[in-house]
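Notes for the one structure printed next.
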Number of protein chains: 2
Amino acid sequence: MPPRRAGAARLDPPRARLDVEERRRQLIELGSRLFSSRTYDEVSIDELARAAGISKGLLYHYFPTKRDFYVATVRHAAKDLLERTFRPSEMTAAERLQGGLDAFLEYVSEHGTAYTSLLRSGIGADLEVARIVDSTREEFCTRLVEGLGIDAPGPLMRPALRGWVGFVEAATIDWLSSPRPAERAALRSFLVEVLFAMVLIAGK
Amino acid sequence: MPPRRAGAARLDPPRARLDVEERRRQLIELGSRLFSSRTYDEVSIDELARAAGISKGLLYHYFPTKRDFYVATVRHAAKDLLERTFRPSEMTAAERLQGGLDAFLEYVSEHGTAYTSLLRSGIGADLEVARIVDSTREEFCTRLVEGLGIDAPGPLMRPALRGWVGFVEAATIDWLSSPRPAERAALRSFLVEVLFAMVLIAGK
């Protein structure tokens with residue numbers, strides 16, 4: 001090992017770390033764009049490296065495998081979706097729900113292919129990806145429980161709320177591919193009304 | 001090519017074909033049992049061959065890859081699910097829906113792991129598996145449209161029905177893993193009531 005110079009040694013590692021993190025962040029954003037319109041299988045590591053303007057070797061330095069890179073973009077997308085759909089508790093429950101759904105529909109309209117293919121069945125599941133998808137759905141449920149002020153849920157309430165999230169996903173995927181889709185605002189109102197009806201039925 | 005003897009030639013090929021099909025059918029049933037309680041990744045081709053009492057080489061003769069074998073079991077499961085949930089048109093719409101849902105909940109209670117892991121997110125989708133899952137959902141929608149007598153669906157009806165199928169799937173997956181699950185009959189009634197509420201709202 002070469003001898004370390006005190007000052008430089010103290011400054012360089014954090015700087016270098018920042019660069020690595022910053023570069024990873026840029027690559028993830030690039031990956032998110034590429035995976036937005038095409039599926040995992042369609043995007044090659046060669047193309048990712050070319051689009052990033054770096055060598056394959058350097059790309060592997062940041063993400064050891066294509067899967068690692070994909071998982072990182074899924075994690076980034078989930079975080080982004082949760083942030084964009086978040087509404088502060090100062091708003092009314094109805095405003096939070098409607099605003100959150102508007103943001104959700106805007107998000108999936110922008111990332112249709114990635115969203116649809118992420119939720120499509122494949123051969124075998126990937127534990128890490130499944131966990132990210134599941135915890136995103138769970139966070140939506142937690143927001144619903146809080147927003148709707150449900151404090152003593154009966155045995156049907158959890159299946160109802162997780163079911164509603166599945167309903168929103170499936171309805172949205174159908175809407176995205178419809179030749180004559182409903183207006184986005186009409187779909188949003190429909191999703192809200194179904195939630196209220198469902199909660200009433202589950203709580204009976 | 002050896003010369004063909006007229007009589008034997010006419011009988012043998014169908015017989016041999018039947019044996020191959022019969023053996024494939026037996027293997028698919030075995031695969032369905034094994035994939036019922038464990039995921040695709042957990043079941044090895046060695047184990048499948050051992051459980052079938054045949055060599056790996058012979059198993060590969062019927063199914064060239066593990067994926068082929070898995071796709072065949074998914075196709076078999078989808079056909080089985082559609083048959084078991086089918087109710088003849090002589091019954092009332094409500095009877096067909098309730099009876100179909102009872103059969104559905106019984107089916108997924110028996111095949112919980114396979115069902116849950118089939119619908120779990122993975123790395124990349126498999127076109128053939130995704131198509132089987134999608135056409136099963138589509139068949140459920142067709143039955144709903146027919147059973148409910150919907151003849152001029154507005155732009156929200158399709159997202160509503162596909163959404164309801166997604167709702168049933170997500171609610172059921174949550175119910176299967178619940179530490180204190182609702183009674184099966186209570187869940188079934190809830191699913192039915194939500195469908196009726198949803199159709200009313202979508203048709204407004």
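Convention: chains lettered A, B, ... in structure tokens order; per-chain residue numbering from 1; ligands numbered from 1 as shown.
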
Interface residues on chain B facing chain A, 9 Å, only C-alpha atoms, written as a PyMOL selection string: chain B and resi 39-41+67+70-71+117-131+133-134+154-156+158-175+178+180-183+186-187+190-191+193-194+197-198+201-202

Write out, as a PDB file, in the first residue's frame, the residues just selected, with C-alpha atoms.
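What follows is the written file selection_23.pdb:
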```pdb
ATOM      1  CA  THR B  39     -42.139 -22.370  -6.183  1.00  0.00           C
ATOM      2  CA  TYR B  40     -40.579 -22.894  -9.604  1.00  0.00           C
ATOM      3  CA  ASP B  41     -37.082 -22.165  -8.268  1.00  0.00           C
ATOM      4  CA  ARG B  67     -39.455 -24.086 -18.288  1.00  0.00           C
ATOM      5  CA  TYR B  70     -43.529 -25.460 -15.842  1.00  0.00           C
ATOM      6  CA  VAL B  71     -45.467 -23.750 -18.651  1.00  0.00           C
ATOM      7  CA  SER B 117     -45.936 -17.300  -6.580  1.00  0.00           C
ATOM      8  CA  LEU B 118     -47.379 -17.349 -10.110  1.00  0.00           C
ATOM      9  CA  LEU B 119     -48.729 -13.836  -9.578  1.00  0.00           C
ATOM     10  CA  ARG B 120     -45.635 -12.538  -7.777  1.00  0.00           C
ATOM     11  CA  SER B 121     -43.279 -10.157  -9.571  1.00  0.00           C
ATOM     12  CA  GLY B 122     -40.048 -11.455 -10.965  1.00  0.00           C
ATOM     13  CA  ILE B 123     -37.203 -10.405 -13.172  1.00  0.00           C
ATOM     14  CA  GLY B 124     -38.634 -10.112 -16.644  1.00  0.00           C
ATOM     15  CA  ALA B 125     -41.877 -11.638 -17.766  1.00  0.00           C
ATOM     16  CA  ASP B 126     -42.390 -14.860 -19.686  1.00  0.00           C
ATOM     17  CA  LEU B 127     -44.621 -14.184 -22.680  1.00  0.00           C
ATOM     18  CA  GLU B 128     -46.225 -17.621 -22.696  1.00  0.00           C
ATOM     19  CA  VAL B 129     -46.973 -17.651 -18.948  1.00  0.00           C
ATOM     20  CA  ALA B 130     -48.222 -14.047 -19.074  1.00  0.00           C
ATOM     21  CA  ARG B 131     -50.516 -14.985 -21.970  1.00  0.00           C
ATOM     22  CA  VAL B 133     -52.624 -15.797 -16.977  1.00  0.00           C
ATOM     23  CA  ASP B 134     -54.070 -13.000 -19.093  1.00  0.00           C
ATOM     24  CA  GLY B 154     -69.380   2.199 -21.179  1.00  0.00           C
ATOM     25  CA  PRO B 155     -65.641   3.064 -21.148  1.00  0.00           C
ATOM     26  CA  LEU B 156     -65.357   2.254 -17.434  1.00  0.00           C
ATOM     27  CA  ARG B 158     -63.855  -3.087 -18.888  1.00  0.00           C
ATOM     28  CA  PRO B 159     -61.415  -1.517 -16.382  1.00  0.00           C
ATOM     29  CA  ALA B 160     -64.079  -2.260 -13.738  1.00  0.00           C
ATOM     30  CA  LEU B 161     -64.349  -5.957 -14.596  1.00  0.00           C
ATOM     31  CA  ARG B 162     -60.616  -6.500 -15.116  1.00  0.00           C
ATOM     32  CA  GLY B 163     -60.145  -4.482 -11.938  1.00  0.00           C
ATOM     33  CA  TRP B 164     -62.550  -6.738 -10.063  1.00  0.00           C
ATOM     34  CA  VAL B 165     -60.594  -9.823 -11.155  1.00  0.00           C
ATOM     35  CA  GLY B 166     -57.412  -8.119  -9.865  1.00  0.00           C
ATOM     36  CA  PHE B 167     -59.287  -7.256  -6.678  1.00  0.00           C
ATOM     37  CA  VAL B 168     -60.329 -10.897  -6.167  1.00  0.00           C
ATOM     38  CA  GLU B 169     -56.743 -12.071  -6.732  1.00  0.00           C
ATOM     39  CA  ALA B 170     -55.169  -9.551  -4.342  1.00  0.00           C
ATOM     40  CA  ALA B 171     -57.848  -9.973  -1.661  1.00  0.00           C
ATOM     41  CA  THR B 172     -57.499 -13.760  -1.893  1.00  0.00           C
ATOM     42  CA  ILE B 173     -53.692 -13.715  -1.663  1.00  0.00           C
ATOM     43  CA  ASP B 174     -53.968 -11.555   1.460  1.00  0.00           C
ATOM     44  CA  TRP B 175     -56.672 -13.831   2.902  1.00  0.00           C
ATOM     45  CA  SER B 178     -53.826 -13.974   7.116  1.00  0.00           C
ATOM     46  CA  ARG B 180     -56.912 -14.773  11.458  1.00  0.00           C
ATOM     47  CA  PRO B 181     -58.653 -15.117   8.114  1.00  0.00           C
ATOM     48  CA  ALA B 182     -62.325 -14.309   7.542  1.00  0.00           C
ATOM     49  CA  GLU B 183     -64.626 -17.301   6.960  1.00  0.00           C
ATOM     50  CA  ALA B 186     -67.896 -14.276   4.349  1.00  0.00           C
ATOM     51  CA  LEU B 187     -65.085 -13.500   1.913  1.00  0.00           C
ATOM     52  CA  PHE B 190     -67.938  -9.726   0.214  1.00  0.00           C
ATOM     53  CA  LEU B 191     -66.439 -10.316  -3.249  1.00  0.00           C
ATOM     54  CA  GLU B 193     -71.241  -7.491  -3.070  1.00  0.00           C
ATOM     55  CA  VAL B 194     -68.228  -5.500  -4.233  1.00  0.00           C
ATOM     56  CA  ALA B 197     -71.491  -2.142  -6.200  1.00  0.00           C
ATOM     57  CA  MET B 198     -68.675  -1.704  -8.736  1.00  0.00           C
ATOM     58  CA  ILE B 201     -70.878   2.683 -10.106  1.00  0.00           C
ATOM     59  CA  ALA B 202     -69.223   1.946 -13.483  1.00  0.00           C
TER      60      ALA B 202
END
```

Gln98 (chain B) surroundings by only C-alpha atoms, 8 Å radius, close-in-sequence under 4 positions cut, as number ranges by chain: B: 94, 102, 188-189, 192

Selected residues written out with all heavy atoms, as an mmCIF file, in the first residue's frame:
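Listed below is the output, out-v9.cif:
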```
data_model
loop_
_atom_site.group_PDB
_atom_site.id
_atom_site.type_symbol
_atom_site.label_atom_id
_atom_site.label_comp_id
_atom_site.auth_asym_id
_atom_site.auth_seq_id
_atom_site.Cartn_x
_atom_site.Cartn_y
_atom_site.Cartn_z
ATOM 1 N N ALA B 94 -76.657 -15.031 -10.130
ATOM 2 C CA ALA B 94 -76.135 -14.981 -8.762
ATOM 3 C C ALA B 94 -75.586 -16.346 -8.338
ATOM 4 O O ALA B 94 -74.522 -16.436 -7.719
ATOM 5 C CB ALA B 94 -77.229 -14.522 -7.803
ATOM 6 N N ASP B 102 -66.999 -19.772 -4.942
ATOM 7 C CA ASP B 102 -66.725 -20.835 -3.965
ATOM 8 C C ASP B 102 -65.678 -21.802 -4.515
ATOM 9 O O ASP B 102 -64.732 -22.176 -3.813
ATOM 10 C CB ASP B 102 -68.015 -21.606 -3.634
ATOM 11 C CG ASP B 102 -68.881 -20.855 -2.629
ATOM 12 O OD1 ASP B 102 -68.318 -20.049 -1.855
ATOM 13 O OD2 ASP B 102 -70.110 -21.066 -2.626
ATOM 14 N N ARG B 188 -66.418 -14.715 0.294
ATOM 15 C CA ARG B 188 -67.146 -14.890 -0.978
ATOM 16 C C ARG B 188 -68.282 -13.876 -1.096
ATOM 17 O O ARG B 188 -68.434 -13.221 -2.135
ATOM 18 C CB ARG B 188 -67.667 -16.328 -1.075
ATOM 19 C CG ARG B 188 -68.306 -16.656 -2.385
ATOM 20 C CD ARG B 188 -69.806 -16.641 -2.287
ATOM 21 N NE ARG B 188 -70.321 -17.873 -1.742
ATOM 22 C CZ ARG B 188 -71.498 -17.964 -1.141
ATOM 23 N NH1 ARG B 188 -72.250 -16.872 -0.957
ATOM 24 N NH2 ARG B 188 -71.921 -19.115 -0.685
ATOM 25 N N SER B 189 -69.076 -13.721 -0.040
ATOM 26 C CA SER B 189 -70.183 -12.756 -0.092
ATOM 27 C C SER B 189 -69.659 -11.336 -0.298
ATOM 28 O O SER B 189 -70.259 -10.542 -1.031
ATOM 29 C CB SER B 189 -70.986 -12.783 1.209
ATOM 30 O OG SER B 189 -71.490 -14.071 1.414
ATOM 31 N N VAL B 192 -68.718 -10.798 -3.931
ATOM 32 C CA VAL B 192 -69.932 -10.650 -4.741
ATOM 33 C C VAL B 192 -70.526 -9.245 -4.569
ATOM 34 O O VAL B 192 -70.855 -8.570 -5.553
ATOM 35 C CB VAL B 192 -70.990 -11.717 -4.351
ATOM 36 C CG1 VAL B 192 -72.331 -11.423 -5.023
ATOM 37 C CG2 VAL B 192 -70.500 -13.118 -4.706
#
```

In region 27-188 of chain B, DSSP helix (DSSP H, G or I) residues written as a PyMOL selection string: chain B and resi 27-37+45-52+56-62+66-85+93-110+112-118+127-148+157-176+184-188

Pairwise distance for CA of Arg87 (chain A) and CA of Tyr115 (chain A), rounded to one decimal in Å: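 Going from CA of Arg87 (chain A) over to CA of Tyr115 (chain A), I get 21.6 Å.
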
Selected residue of minimal separation from Tyr62 (chain A) among A:Val43, A:Met91, A:Leu27, A:Leu148, counting only C-alpha atoms: A:Leu27
